[in-house]
Amino acid sequence: DTMLLRPVGLERSSVKQILSEKQYGAATTSSAFAAIDSITVEAGQSVTIASFYGKADDISRLPTIADKIKQTGYTFYKQKRAQELIKQITASVETKTGNHLFNGHVQQMFLDNSLRGGMPIILGDTDTTSLLNADQDARLK
């Protein structure tokens, strides 16, 4: 299914079978797959599955990286740190209107644009006491 409309691999094989197969490591784009082949969750209990993906200089570093990721509290720390970074990046566009969806949209768009193209900065000689951002610099109009 080259259009990726159906999970052909999961239709043809069990999760256990897929997990036992050799991983493909030559993709040009990052990807990740998290799975559990068997689990029982009792009433009132919960389970959390966290996925980490990235790039290592050498595959021999993976056991060391895996040991670090498996440390108690590591996932919680990384999630909290990511939320802090997002707040720092989007603080300059915090918007408070009567529509919370619009407020969130403004921050998400700024975050997305910043991650793709970098943070906007004012270049050159400026009066930093009166300019808060590049939109206020008449030279950029």
# chains A, B, ... in the order shown; residues from 1 in each chain; ligands from 1
call {"tool": "select_by_dssp", "arguments": {"residues": "chain A", "states": "alpha helix (DSSP H)", "output": "ChimeraX atom specification"}}
result
/A:8-12,15-20,62-69,74-90,100-117
call {"tool": "closest_residue", "arguments": {"among": "A:Asp58, A:Asp37, A:Glu94, A:Glu42", "to": "A:Ile18", "atoms": "only C-alpha atoms"}}
result
A:Asp37
call {"tool": "residues_around", "arguments": {"residues": "A:Ile69", "least_positions_apart": "4", "cutoff": "12 Å", "atoms": "only C-alpha atoms", "output": "VMD selection string"}}
result
chain A and resid 50 to 54 62 to 65 73 to 78
call {"tool": "closest_residue", "arguments": {"among": "A:Ala82, A:Met109, A:Ala27, A:Val93", "to": "A:Lys55", "atoms": "only C-alpha atoms"}}
result
A:Ala27
call {"tool": "atom_distance", "arguments": {"atom1": "atom CA of A:Tyr24", "atom2": "atom CA of A:Lys70"}}
result
22.6 Å
call {"tool": "residues_around", "arguments": {"residues": "A:Ala35", "least_positions_apart": "6", "cutoff": "9 Å", "atoms": "only C-alpha atoms", "output": "PyMOL selection string"}}
result
chain A and resi 15-16+19+49
call {"tool": "write_last_selection", "arguments": {"atoms": "N, CA and C atoms", "output": "mmCIF file, in the first residue's frame"}}
result
data_model
loop_
_atom_site.group_PDB
_atom_site.id
_atom_site.type_symbol
_atom_site.label_atom_id
_atom_site.label_comp_id
_atom_site.auth_asym_id
_atom_site.auth_seq_id
_atom_site.Cartn_x
_atom_site.Cartn_y
_atom_site.Cartn_z
ATOM 1 N N VAL A 15 1.891 -8.245 16.184
ATOM 2 C CA VAL A 15 2.893 -7.334 16.737
ATOM 3 C C VAL A 15 4.104 -8.140 17.191
ATOM 4 N N LYS A 16 3.869 -9.294 17.799
ATOM 5 C CA LYS A 16 4.968 -10.146 18.257
ATOM 6 C C LYS A 16 5.868 -10.549 17.088
ATOM 7 N N LEU A 19 7.921 -7.489 15.928
ATOM 8 C CA LEU A 19 9.001 -7.160 16.863
ATOM 9 C C LEU A 19 10.177 -8.132 16.769
ATOM 10 N N ILE A 49 3.336 4.360 27.460
ATOM 11 C CA ILE A 49 4.371 3.974 26.506
ATOM 12 C C ILE A 49 5.018 5.256 26.008
#
call {"tool": "atom_distance", "arguments": {"atom1": "atom CA of A:Ala56", "atom2": "atom CA of A:Lys80"}}
result
23.1 Å
